[in-house]
Amino acid sequence: MLRLKPFKYLRPSTVEEAASLAAELNGEAMMVAGGTDLVPKLKRRQMEPSALIGIGHLEELKSVDHLSDGGVSIGAAVTLSKVVGDGELLQRYPGYVRAASLVSSPPLRNLGTIGGNLLVDTRCNYYDMTYEWRQAVGFCLKKDGDICRVAPSSPRCWAVSSSDTAPVAIALDASVVLVGPEGRREVPVSSLYQDDGIRYTTKQPDEVVAFLHFPPKDGWRSSYVKLRRRGSIDFPIGGAAAALRLQDGLVTEARIVLSGVASHPVIAEEAASCLIGRHLDDDAITEASEKAAKPAKPLDNTDLAYTWRKRMVKHLVSQAITEAAAPGR
Amino acid sequence: MRVVGKPLPKVDVRAKVTGSTLYADDLVLPDMLFCKLLRSPHPYARIKRVDVRGALEVEGVVAAITGDDLPIKYGILPVTQDEHALENEKVRYVGDPVAAVAAYDEETAALACERIVVEYEVLHPVTSIEEALSEPVDEPIHDYGGPANIHKMAALAFGDLESGFAQADHIREDVFFYEGNTHLPMEEHSAIASYVDGKLTLWSSTQTPHYVHRAVSKVMGLPMSAVRIVATPHGGGFGGKTDPFSHEMVVCKLAMVTGKPVKCTLTREEVFYAHRGRHPVLMWVRTGVKRDGKITAMHFKTALDGGAYGSYGVATTFYTGALQTATYDIPAYRFEGARVFTNKAPCGPKRGHGTPQPRFALELHLDKIAEDLGLDPVEVRRRNYVKPNTTTVNWLRITSCGLEEITNRVIQASGYHRRRRVEGHGMGFAVASYLSGAGLPIYWNKLPHSECQLKLDRGGVTAYCGATDIGQGSDTVIATVVAEELGLWPSDIRLVTGDTGLAPVDLGSYSSRVTFMAGNAALDAARKLRDLLVEVAAESMGCSPGEVEVGDGKIGALSFEETAQLAQERYGAISTAGSYRPPDLAGPYKGSGVGPSPAYSYSAAVVDLDADSKTGIVQVNKVWLAHDIGRSINPISVRGQVEGGVYMGLGEALMEEQAYRKALHKQPSMLDYKSLTFVDMPEVETILVETNDPEGPYGAKEVGQGPLLPVVPAVASAIHDALGVWVDQVPITPDKVLKALDAKVKGEAPRFGPKSFPDIPYPQCIKVDPPHVATQAV
Ligand SMILES: Cc1cc2nc3c(=O)[nH]c(=O)nc-3n(C[C@H](O)[C@H](O)[C@H](O)COP(=O)(O)OP(=O)(O)OC[C@H]3O[C@@H](n4cnc5c(N)ncnc54)[C@H](O)[C@@H]3O)c2cc1C
Ligand code: SF4
């Protein structure tokens, strides 16, 4: 089998200690929670940290807390399975729970955490390969090389944001609490990402994602629709999250966020705003989905033909809007 | 029958489901070394220098070898001995092994491989059938075959094509493409060798210990008597473990060099490179029919992308033309096939070996003919079905044949003719046939294809047979046959199988031959033992042998144990032996070795699916599969094979592809190489039809491969039923469905698929008289 390179494993006893260990190791170390994203990548030498800082065992990161304002705070080390099995969360944030339930497969959800899912590495099928394979094709910008294999004339990396839960978290206006060596800060999930396949997160390497914080439900309905080849295991090759507030059948607020179409979750603002003040009839939904799909420019670096993926975006969005408007959302 | 036909659990099921089965990689020998192979990063290159000194300096490394240490070539077919265990002149695909290291642990072996220096002179790779047919930029990939990079060509004509086409009321031509795909066994290949007292033992997850025995003996320069191959329990083979492999040779050599046991387990990625999977095949077919759909003549051309080595490819090439006639009565038939070399992982045999591709083409072609003629596609097929006990135009002997019955059953059960006809919903029907074992062995000789010995002593009955249980249940079949004859339970029979040192030869688990051939060998041996016991019991009971009943642990009035003791008192040590060799079935022409089988299985499928015209996404709702099994020796195992075949067929139809970007495998991982997950698998309704084959053990025929075959075209046919478009190329991914729909909207031919078939310099056809003409001449 593929073997791991040797590394040091550190087991801090608090989140703060994790952050200061990371700061001490100065970029040499990586955090590991469930390890479901990281460990296969270590085996393929997509990352070669000299140390891993475990955070999955930290009790303080393992609970789902209902806040007095009606919001919810989920510890970063809570597993996806736990989220999927939480009836209360399902009632409040059905889109988020749905997204969590669609991540990979049951065994991976038992290990994989919600924090790890937000920070899951961007993907590209020139990159998510073994060292030997990458050597045969030629290394690329994201690791060991100096050109992009998908878009050779481009100075940047176009690896694809592949988190299922990030788009819904953004659509629901959630925020994350980051703990760094200098203290805590809370930022909206939407600002956790940036348009770069390599440095896809704005989080500092020595910051720990400690909590995911959802605002009160407050009438926000939500949904997530995922495109993938098979009914399980596969990463999203397109996805749409929708969050809506309705009054008397009219849309008062809306957010639409896409996954799997760029190096970051894409907020489809124009599409969302065109729904405001309208009934969700076919015309409105079609217009919004077409607007949302327009900027999506998938490249030939994930599964299936990118031309087809591009064509699918509007269907995903339209389904997501329809589902968000359905009863019980 | 007491145990035959009963749904008894497989004899090895408990260990399998509790995880105690020992697969090759589970074996650990004292002082064992671990081996890693260094593989080529180039699709095509000349090797200028390999220097292993750096590897030898790594602490923990015991040996490092190169092609110079293993100069003797091998290959599964005697005519294509074209592989080196480690290449020393040229590498021909990304993944071709060039050097190997043995070390005290796997990490060290892997690290040491990185220290090996290989200098390559990169050559221009050949990546497609078209490129392989044209003049190579650099030298041809192999020094045999040709012109260009053509490996093998076949051209056969049976009967009077000209008058066949002249009699036709309608002639249709179509082109199809079947993408390559791989076996994807759960268990990666693994082998471990030990060399003690001048005797070499290799434990390996191989389906064909006998052929590995031959190859290891040749490459190591040891007599076969000094080599023992033990086929370990399998986590799946599907044809992917039927070649002798580089890692097997390498661990043998390293065990001989170091004097320590050496193990090599491939990574998942390496399994994709070892491959030997489904050949990509481009096909052209032209058929003449009467107004009622009756075929008057057919011309079938194939072009196979063989990848870098010969493997079974010569046989595969013939198989793309051999079995069209096993389902349809084609009075005049011409077949031309060509296999080319390309710089990709070598193709070989996968479940259905060379026949799923032409079956896909043939069945869809008949659907299209039915549409042209305004006829029901089921009826068109019925009008052409071969009849039992006939000989086909290409000299295949058809005996039992349940085509009519499987068709009726599957059509009735599925309600095909009463289906809901709304856009987006469709049903498709197809039939197929497969061999119950190749009629001819790989090395042409008159030896038995399978042998079985039974030993009877105070420890009970032990069956020894070279047959290899790769999960398909051949151990259960042997135990069941022996138990049936001796009045015991299958679980009473001790088994020693798949071991060339202990058990007599069986040719291996390929070509769906094991139940038929090893079953017959076991039956032969068991009947001899039964006769002996019955005679002893009769004597003791004072009656004639004909009056002695065997069953429920008794031989007549005596218990089995009492009878066994009496027999040993009388004869001393007791053993019997049985064997099976199929009748001589090859037709009177060169190339007739591929196709003949002592019996053919038949399968019919109906697929029900929804296809979305907006997205092209296909959702299979249900598959009905009726299979002419001859007789089920164990119906649970048979159903398992049917369901497995349907599973694999759906994967090939919808998503599996061994795809390359330039000459590099695009997705050598289980995440990226798509095959159906549990949640993608629809309900399967299996219908078993028993035609009681005169030659099969208790009437049994094959089921390991046949049921896959009709599934693939039935999916394509159902998509056409749902959306009115043809996708003439597998896998049928949603983008292809949309492209076909786009073409339809634009008013073009409503299809997606290859547009033309290349010019191939096939040789002059060998003209063969069909059997009836030949007999008249005599
Ligand atoms: C076969 C397979 C299929 C998959 N399918 C999907 C899918 O469909 N959708 C999907 O979204 N994901 C998928 N994944 C990826 C992964 O399983 C999930 O994203 C999972 O939620 C990751 O969580 P984890 O705890 O295992 O993360 P880890 O692997 O532990 O970490 C992932 C990354 O996040 C960092 N990290 C983790 N937690 C923290 C933290 N609290 N603070 C700071 N940094 C942190 C790590 O350093 C690492 O860079 C798949 C993985 C595999 C192997
Ligand atoms: S997008 Fe380009 S740079 Fe980024 S991982 Fe893929 S090939 Fe490498």
# chains A, B, ... in the order shown; residues from 1 in each chain; ligands from 1
>>> select_by_dssp(residues="region 123-320 of chain A", states="strand (DSSP E)", output="ChimeraX atom specification")
/A:175-180,183-188,208-214,221-227,238-247,250-259,266-267
>>> interface_residues(of="chain A", to="chain B", cutoff="9 Å", atoms="only C-alpha atoms", output="list in words")
Met1, Leu2, Arg3, Leu4, Lys5, Asn125, Tyr126, Met129, Thr130, Glu132, Trp133, Gln135, Ala136, Val137, Arg229, Arg230, Gly231, Ser232, Ile233, Asp234, Asp303, Leu304, Ala305, Thr307, Trp308, Arg309, Arg311, Met312 and His315 of chain A
>>> write_last_selection(atoms="N, CA, C and O atoms", output="mmCIF file, in the first residue's frame")
data_model
loop_
_atom_site.group_PDB
_atom_site.id
_atom_site.type_symbol
_atom_site.label_atom_id
_atom_site.label_comp_id
_atom_site.auth_asym_id
_atom_site.auth_seq_id
_atom_site.Cartn_x
_atom_site.Cartn_y
_atom_site.Cartn_z
ATOM 1 N N MET A 1 0.840 -1.194 0.000
ATOM 2 C CA MET A 1 0.000 0.000 0.000
ATOM 3 C C MET A 1 0.875 1.244 0.000
ATOM 4 O O MET A 1 2.064 1.177 0.253
ATOM 5 N N LEU A 2 0.218 2.373 -0.252
ATOM 6 C CA LEU A 2 0.944 3.637 -0.161
ATOM 7 C C LEU A 2 1.282 3.874 1.299
ATOM 8 O O LEU A 2 0.445 3.704 2.166
ATOM 9 N N ARG A 3 2.504 4.281 1.541
ATOM 10 C CA ARG A 3 2.931 4.483 2.921
ATOM 11 C C ARG A 3 3.027 5.967 3.242
ATOM 12 O O ARG A 3 3.386 6.770 2.379
ATOM 13 N N LEU A 4 2.757 6.298 4.500
ATOM 14 C CA LEU A 4 2.927 7.681 4.953
ATOM 15 C C LEU A 4 4.393 7.953 5.164
ATOM 16 O O LEU A 4 5.147 7.071 5.603
ATOM 17 N N LYS A 5 4.781 9.178 4.894
ATOM 18 C CA LYS A 5 6.123 9.602 5.290
ATOM 19 C C LYS A 5 6.115 9.810 6.800
ATOM 20 O O LYS A 5 5.081 10.182 7.361
ATOM 21 N N ASN A 125 -7.965 17.237 -10.772
ATOM 22 C CA ASN A 125 -7.508 15.888 -11.088
ATOM 23 C C ASN A 125 -6.112 15.813 -11.713
ATOM 24 O O ASN A 125 -5.670 14.761 -12.136
ATOM 25 N N TYR A 126 -5.411 16.933 -11.699
ATOM 26 C CA TYR A 126 -3.966 16.861 -11.972
ATOM 27 C C TYR A 126 -3.174 16.832 -10.667
ATOM 28 O O TYR A 126 -1.961 16.696 -10.662
ATOM 29 N N MET A 129 -3.522 13.135 -6.925
ATOM 30 C CA MET A 129 -2.921 11.929 -7.473
ATOM 31 C C MET A 129 -1.646 11.628 -6.693
ATOM 32 O O MET A 129 -1.129 12.508 -6.004
ATOM 33 N N THR A 130 -1.129 10.428 -6.891
ATOM 34 C CA THR A 130 0.091 10.072 -6.165
ATOM 35 C C THR A 130 1.281 10.865 -6.703
ATOM 36 O O THR A 130 1.241 11.435 -7.798
ATOM 37 N N GLU A 132 4.008 9.635 -7.828
ATOM 38 C CA GLU A 132 4.498 9.013 -9.070
ATOM 39 C C GLU A 132 3.671 9.470 -10.271
ATOM 40 O O GLU A 132 4.200 9.734 -11.348
ATOM 41 N N TRP A 133 2.364 9.522 -10.082
ATOM 42 C CA TRP A 133 1.493 9.942 -11.183
ATOM 43 C C TRP A 133 1.789 11.389 -11.562
ATOM 44 O O TRP A 133 1.917 11.740 -12.727
ATOM 45 N N GLN A 135 4.432 12.970 -11.065
ATOM 46 C CA GLN A 135 5.756 13.027 -11.686
ATOM 47 C C GLN A 135 5.643 12.672 -13.175
ATOM 48 O O GLN A 135 6.250 13.304 -14.031
ATOM 49 N N ALA A 136 4.831 11.661 -13.488
ATOM 50 C CA ALA A 136 4.693 11.221 -14.877
ATOM 51 C C ALA A 136 4.046 12.304 -15.731
ATOM 52 O O ALA A 136 4.451 12.535 -16.860
ATOM 53 N N VAL A 137 3.033 12.992 -15.188
ATOM 54 C CA VAL A 137 2.345 13.993 -16.006
ATOM 55 C C VAL A 137 3.111 15.313 -15.965
ATOM 56 O O VAL A 137 3.006 16.138 -16.885
ATOM 57 N N ARG A 229 -21.305 12.053 -9.672
ATOM 58 C CA ARG A 229 -21.556 10.958 -10.589
ATOM 59 C C ARG A 229 -22.422 9.892 -9.930
ATOM 60 O O ARG A 229 -23.343 9.364 -10.529
ATOM 61 N N ARG A 230 -22.119 9.588 -8.674
ATOM 62 C CA ARG A 230 -22.794 8.454 -8.039
ATOM 63 C C ARG A 230 -23.555 8.908 -6.801
ATOM 64 O O ARG A 230 -23.387 10.028 -6.333
ATOM 65 N N GLY A 231 -24.335 8.008 -6.265
ATOM 66 C CA GLY A 231 -25.167 8.347 -5.124
ATOM 67 C C GLY A 231 -24.420 8.448 -3.813
ATOM 68 O O GLY A 231 -24.995 8.778 -2.777
ATOM 69 N N SER A 232 -23.148 8.147 -3.803
ATOM 70 C CA SER A 232 -22.365 8.210 -2.576
ATOM 71 C C SER A 232 -20.901 8.436 -2.930
ATOM 72 O O SER A 232 -20.530 8.360 -4.094
ATOM 73 N N ILE A 233 -20.108 8.728 -1.894
ATOM 74 C CA ILE A 233 -18.651 8.837 -1.974
ATOM 75 C C ILE A 233 -18.131 10.059 -2.727
ATOM 76 O O ILE A 233 -17.206 10.720 -2.276
ATOM 77 N N ASP A 234 -18.729 10.363 -3.874
ATOM 78 C CA ASP A 234 -18.106 11.381 -4.722
ATOM 79 C C ASP A 234 -18.191 12.799 -4.164
ATOM 80 O O ASP A 234 -19.203 13.214 -3.609
ATOM 81 N N ASP A 303 -14.414 15.618 -12.285
ATOM 82 C CA ASP A 303 -15.060 14.517 -12.996
ATOM 83 C C ASP A 303 -16.038 15.023 -14.074
ATOM 84 O O ASP A 303 -16.622 16.076 -13.928
ATOM 85 N N LEU A 304 -16.201 14.236 -15.103
ATOM 86 C CA LEU A 304 -17.146 14.464 -16.204
ATOM 87 C C LEU A 304 -16.797 15.713 -17.033
ATOM 88 O O LEU A 304 -16.011 16.554 -16.621
ATOM 89 N N ALA A 305 -17.443 15.801 -18.190
ATOM 90 C CA ALA A 305 -17.098 16.869 -19.142
ATOM 91 C C ALA A 305 -17.438 18.230 -18.557
ATOM 92 O O ALA A 305 -18.540 18.441 -18.053
ATOM 93 N N THR A 307 -17.994 20.977 -20.017
ATOM 94 C CA THR A 307 -19.070 21.638 -20.752
ATOM 95 C C THR A 307 -20.431 21.184 -20.202
ATOM 96 O O THR A 307 -21.354 21.971 -20.053
ATOM 97 N N TRP A 308 -20.493 19.925 -19.874
ATOM 98 C CA TRP A 308 -21.737 19.407 -19.302
ATOM 99 C C TRP A 308 -21.969 19.981 -17.905
ATOM 100 O O TRP A 308 -23.081 20.378 -17.556
ATOM 101 N N ARG A 309 -20.897 20.051 -17.122
ATOM 102 C CA ARG A 309 -21.042 20.581 -15.766
ATOM 103 C C ARG A 309 -21.573 22.015 -15.813
ATOM 104 O O ARG A 309 -22.421 22.408 -15.040
ATOM 105 N N ARG A 311 -23.451 23.270 -18.053
ATOM 106 C CA ARG A 311 -24.877 23.247 -18.389
ATOM 107 C C ARG A 311 -25.749 22.846 -17.197
ATOM 108 O O ARG A 311 -26.944 23.122 -17.180
ATOM 109 N N MET A 312 -25.142 22.129 -16.249
ATOM 110 C CA MET A 312 -25.932 21.627 -15.136
ATOM 111 C C MET A 312 -26.223 22.672 -14.072
ATOM 112 O O MET A 312 -27.145 22.523 -13.290
ATOM 113 N N HIS A 315 -29.695 23.957 -13.563
ATOM 114 C CA HIS A 315 -30.645 22.965 -13.035
ATOM 115 C C HIS A 315 -30.473 22.786 -11.533
ATOM 116 O O HIS A 315 -31.442 22.598 -10.802
#
>>> residues_around(residues="region 284-290 of chain A", least_positions_apart="3", cutoff="8 Å", atoms="only C-alpha atoms", output="VMD selection string")
chain A and resid 270 to 272 274 to 275 278 to 281 293 to 294 313 to 318 321 to 322
>>> residues_near_ligand(ligand="ligand 2", cutoff="7 Å", atoms="only C-alpha atoms and all ligand atoms", output="list in words")
Arg123, Cys124, Asn125, Tyr126, Tyr127, Cys140, Leu141, Lys142, Ile147, Cys148, Arg149, Val150, Ala151, Arg156, Cys157, Trp158, Ala159, Gly197, Ile198 and Asn301 of chain A
>>> residues_around(residues="region 627-637 of chain B", least_positions_apart="2", cutoff="6 Å", atoms="only C-alpha atoms", output="tab-separated table (two decimals) with all heavy atoms, in the first residue's frame")
chain	number	residue	atom	x	y	z
B	4	VAL	N	-27.12	-31.20	-4.70
B	4	VAL	CA	-27.06	-30.40	-5.93
B	4	VAL	C	-28.40	-29.67	-6.10
B	4	VAL	O	-29.45	-30.26	-5.92
B	4	VAL	CB	-26.78	-31.30	-7.14
B	4	VAL	CG1	-27.09	-30.59	-8.46
B	4	VAL	CG2	-25.33	-31.76	-7.13
B	5	GLY	N	-28.31	-28.38	-6.40
B	5	GLY	CA	-29.52	-27.59	-6.63
B	5	GLY	C	-30.10	-26.99	-5.37
B	5	GLY	O	-31.07	-26.25	-5.42
B	6	LYS	N	-29.48	-27.31	-4.22
B	6	LYS	CA	-29.99	-26.75	-2.96
B	6	LYS	C	-29.25	-25.45	-2.63
B	6	LYS	O	-28.04	-25.35	-2.84
B	6	LYS	CB	-29.79	-27.74	-1.80
B	6	LYS	CG	-30.48	-29.08	-2.00
B	6	LYS	CD	-31.99	-28.96	-1.85
B	6	LYS	CE	-32.68	-30.30	-1.97
B	6	LYS	NZ	-32.47	-31.01	-3.24
B	7	PRO	N	-29.98	-24.51	-2.05
B	7	PRO	CA	-29.33	-23.22	-1.74
B	7	PRO	C	-28.49	-23.30	-0.46
B	7	PRO	O	-28.78	-22.64	0.53
B	7	PRO	CB	-30.52	-22.27	-1.58
B	7	PRO	CG	-31.64	-23.14	-1.14
B	7	PRO	CD	-31.41	-24.50	-1.75
B	402	GLY	N	-31.40	-22.34	-24.32
B	402	GLY	CA	-32.67	-21.87	-23.73
B	402	GLY	C	-33.09	-20.48	-24.18
B	402	GLY	O	-33.81	-19.80	-23.46
B	601	SER	N	-23.91	-20.92	-22.50
B	601	SER	CA	-24.98	-20.38	-21.65
B	601	SER	C	-25.68	-19.29	-22.44
B	601	SER	O	-25.13	-18.75	-23.40
B	601	SER	CB	-24.39	-19.78	-20.38
B	601	SER	OG	-23.84	-18.51	-20.65
B	602	TYR	N	-26.90	-18.98	-22.03
B	602	TYR	CA	-27.65	-17.89	-22.68
B	602	TYR	C	-28.23	-16.98	-21.63
B	602	TYR	O	-28.67	-17.45	-20.57
B	602	TYR	CB	-28.76	-18.47	-23.57
B	602	TYR	CG	-28.18	-19.14	-24.79
B	602	TYR	CD1	-27.85	-20.50	-24.78
B	602	TYR	CD2	-27.88	-18.40	-25.92
B	602	TYR	CE1	-27.25	-21.10	-25.88
B	602	TYR	CE2	-27.28	-18.99	-27.03
B	602	TYR	CZ	-26.97	-20.34	-27.00
B	602	TYR	OH	-26.37	-20.92	-28.09
B	603	SER	N	-28.19	-15.69	-21.90
B	603	SER	CA	-28.73	-14.71	-20.96
B	603	SER	C	-29.59	-13.71	-21.71
B	603	SER	O	-29.25	-13.32	-22.83
B	603	SER	CB	-27.63	-13.92	-20.27
B	603	SER	OG	-26.62	-14.75	-19.78
B	639	ARG	N	-27.16	-17.09	-8.42
B	639	ARG	CA	-27.78	-15.76	-8.32
B	639	ARG	C	-26.72	-14.70	-8.02
B	639	ARG	O	-26.77	-13.59	-8.56
B	639	ARG	CB	-28.85	-15.74	-7.23
B	639	ARG	CG	-30.14	-16.31	-7.71
B	639	ARG	CD	-31.16	-16.54	-6.62
B	639	ARG	NE	-32.14	-17.48	-7.10
B	639	ARG	CZ	-33.16	-17.15	-7.88
B	639	ARG	NH1	-33.36	-15.89	-8.19
B	639	ARG	NH2	-33.98	-18.06	-8.34
B	640	GLY	N	-25.78	-15.05	-7.17
B	640	GLY	CA	-24.70	-14.11	-6.84
B	640	GLY	C	-23.94	-13.73	-8.09
B	640	GLY	O	-23.61	-12.56	-8.30
B	688	LEU	N	-33.86	-18.11	-13.31
B	688	LEU	CA	-32.97	-19.18	-13.77
B	688	LEU	C	-33.76	-20.20	-14.57
B	688	LEU	O	-34.81	-20.67	-14.14
B	688	LEU	CB	-32.30	-19.85	-12.56
B	688	LEU	CG	-31.42	-18.92	-11.72
B	688	LEU	CD1	-30.80	-19.66	-10.55
B	688	LEU	CD2	-30.33	-18.28	-12.58
B	689	VAL	N	-33.23	-20.50	-15.73
B	689	VAL	CA	-33.87	-21.47	-16.62
B	689	VAL	C	-32.93	-22.66	-16.73
B	689	VAL	O	-31.73	-22.49	-16.99
B	689	VAL	CB	-34.14	-20.83	-18.00
B	689	VAL	CG1	-34.50	-21.88	-19.02
B	689	VAL	CG2	-35.22	-19.76	-17.88
B	690	GLU	N	-33.46	-23.87	-16.53
B	690	GLU	CA	-32.60	-25.05	-16.54
B	690	GLU	C	-32.87	-25.87	-17.80
B	690	GLU	O	-33.96	-26.40	-17.99
B	690	GLU	CB	-32.82	-25.86	-15.26
B	690	GLU	CG	-32.54	-25.01	-14.01
B	690	GLU	CD	-32.15	-25.81	-12.79
B	690	GLU	OE1	-32.72	-26.89	-12.59
B	690	GLU	OE2	-31.25	-25.33	-12.05
B	691	THR	N	-31.87	-25.96	-18.64
B	691	THR	CA	-32.03	-26.72	-19.88
B	691	THR	C	-31.31	-28.05	-19.82
B	691	THR	O	-31.35	-28.82	-20.76
B	691	THR	CB	-31.45	-25.92	-21.08
B	691	THR	OG1	-30.14	-25.46	-20.71
B	691	THR	CG2	-32.32	-24.74	-21.43
B	692	ASN	N	-30.65	-28.32	-18.69
B	692	ASN	CA	-30.04	-29.61	-18.46
B	692	ASN	C	-29.10	-30.01	-19.59
B	692	ASN	O	-29.41	-30.89	-20.40
B	692	ASN	CB	-31.17	-30.64	-18.30
B	692	ASN	CG	-30.70	-31.80	-17.45
B	692	ASN	OD1	-29.54	-31.85	-17.03
B	692	ASN	ND2	-31.59	-32.73	-17.23
B	693	ASP	N	-27.97	-29.41	-19.63
B	693	ASP	CA	-27.02	-29.67	-20.72
B	693	ASP	C	-26.50	-31.11	-20.66
B	693	ASP	O	-26.14	-31.60	-19.59
B	693	ASP	CB	-25.84	-28.70	-20.62
B	693	ASP	CG	-24.92	-28.84	-21.81
B	693	ASP	OD1	-25.28	-28.32	-22.88
B	693	ASP	OD2	-23.88	-29.52	-21.68
B	699	GLY	N	-25.79	-31.43	-15.74
B	699	GLY	CA	-26.48	-30.55	-16.68
B	699	GLY	C	-26.10	-29.08	-16.57
B	699	GLY	O	-26.67	-28.23	-17.24
B	700	ALA	N	-25.10	-28.78	-15.73
B	700	ALA	CA	-24.77	-27.38	-15.45
B	700	ALA	C	-23.99	-26.71	-16.58
B	700	ALA	O	-23.20	-27.35	-17.27
B	700	ALA	CB	-23.97	-27.27	-14.16
B	701	LYS	N	-24.20	-25.40	-16.72
B	701	LYS	CA	-23.40	-24.58	-17.63
B	701	LYS	C	-22.87	-23.37	-16.86
B	701	LYS	O	-23.01	-23.29	-15.66
B	701	LYS	CB	-24.25	-24.13	-18.82
B	701	LYS	CG	-24.80	-25.30	-19.63
B	701	LYS	CD	-25.31	-24.88	-21.00
B	701	LYS	CE	-26.63	-24.14	-20.94
B	701	LYS	NZ	-27.23	-23.98	-22.29
>>> residues_near_ligand(ligand="ligand 1", cutoff="8 Å", atoms="only C-alpha atoms and all ligand atoms", output="ChimeraX atom specification")
/A:30-40,55-56,76-77,79-80,100,102-105,108-109,111-121,162-165,178,205-211,232-236 /B:671
>>> atom_distance(atom1="CA of Val118 (chain B)", atom2="CA of Asp68 (chain B)")
13.5 Å
>>> closest_residue(among="B:Tyr93, B:Thr296, B:Leu37, B:Ala148", to="Glu162 (chain B)", atoms="only C-alpha atoms")
B:Thr296
>>> select_by_dssp(residues="region 269-487 of chain B", states="helix (DSSP H, G or I)", output="VMD selection string")
chain B and resid 269 to 274 313 to 322 324 to 327 356 to 373 377 to 384 403 to 414 416 to 418 474 to 486
>>> residues_around(residues="region 452-455 of chain B", least_positions_apart="6", cutoff="6 Å", atoms="only C-alpha atoms", output="list in words")
Val461, Thr462, Ala463, Tyr464, Cys465, Ala521, Ala522, Ser575, Thr576, Ala577 and Gly578 of chain B
>>> write_last_selection(atoms="C-alpha atoms", output="mmCIF file, in the first residue's frame")
data_model
loop_
_atom_site.group_PDB
_atom_site.id
_atom_site.type_symbol
_atom_site.label_atom_id
_atom_site.label_comp_id
_atom_site.auth_asym_id
_atom_site.auth_seq_id
_atom_site.Cartn_x
_atom_site.Cartn_y
_atom_site.Cartn_z
ATOM 1 C CA VAL B 461 -12.772 -37.446 2.144
ATOM 2 C CA THR B 462 -10.372 -34.902 0.722
ATOM 3 C CA ALA B 463 -10.735 -33.531 -2.789
ATOM 4 C CA TYR B 464 -7.594 -32.324 -4.556
ATOM 5 C CA CYS B 465 -8.060 -30.204 -7.620
ATOM 6 C CA ALA B 521 -13.477 -34.050 -13.210
ATOM 7 C CA ALA B 522 -14.747 -34.153 -9.630
ATOM 8 C CA SER B 575 -7.889 -42.777 -3.755
ATOM 9 C CA THR B 576 -9.626 -42.228 -7.031
ATOM 10 C CA ALA B 577 -8.948 -39.786 -9.796
ATOM 11 C CA GLY B 578 -11.082 -38.179 -12.448
#
>>> closest_residue(among="A:Asp218, A:Asp300, A:Glu17, A:Glu28", to="Asp69 (chain A)", atoms="only C-alpha atoms")
A:Asp218
>>> decode(residues="region 24-47 of chain A", atoms="C-alpha atoms", output="short mmCIF file (atom, residue, chain, number, x, y, z; two decimals), in the first residue's frame")
data_model
loop_
_atom_site.label_atom_id
_atom_site.label_comp_id
_atom_site.auth_asym_id
_atom_site.auth_seq_id
_atom_site.Cartn_x
_atom_site.Cartn_y
_atom_site.Cartn_z
CA GLU A 24 5.94 27.68 17.15
CA LEU A 25 6.33 25.25 14.26
CA ASN A 26 6.00 28.15 11.90
CA GLY A 27 4.15 26.65 8.97
CA GLU A 28 5.82 23.25 9.28
CA ALA A 29 2.78 21.74 10.97
CA MET A 30 -0.78 21.07 9.89
CA MET A 31 -3.90 20.56 11.96
CA VAL A 32 -5.68 17.27 11.68
CA ALA A 33 -9.21 16.53 12.81
CA GLY A 34 -10.82 13.44 11.24
CA GLY A 35 -7.95 13.10 8.80
CA THR A 36 -10.24 11.93 6.03
CA ASP A 37 -9.10 14.64 3.68
CA LEU A 38 -5.60 15.09 4.96
CA VAL A 39 -4.30 11.55 5.39
CA PRO A 40 -4.88 10.34 1.83
CA LYS A 41 -3.19 13.53 0.68
CA LEU A 42 -0.21 12.91 2.94
CA LYS A 43 0.11 9.47 1.40
CA ARG A 44 0.13 10.98 -2.04
CA ARG A 45 2.58 13.61 -0.82
CA GLN A 46 0.37 16.50 -1.79
CA MET A 47 1.40 17.92 1.57
#
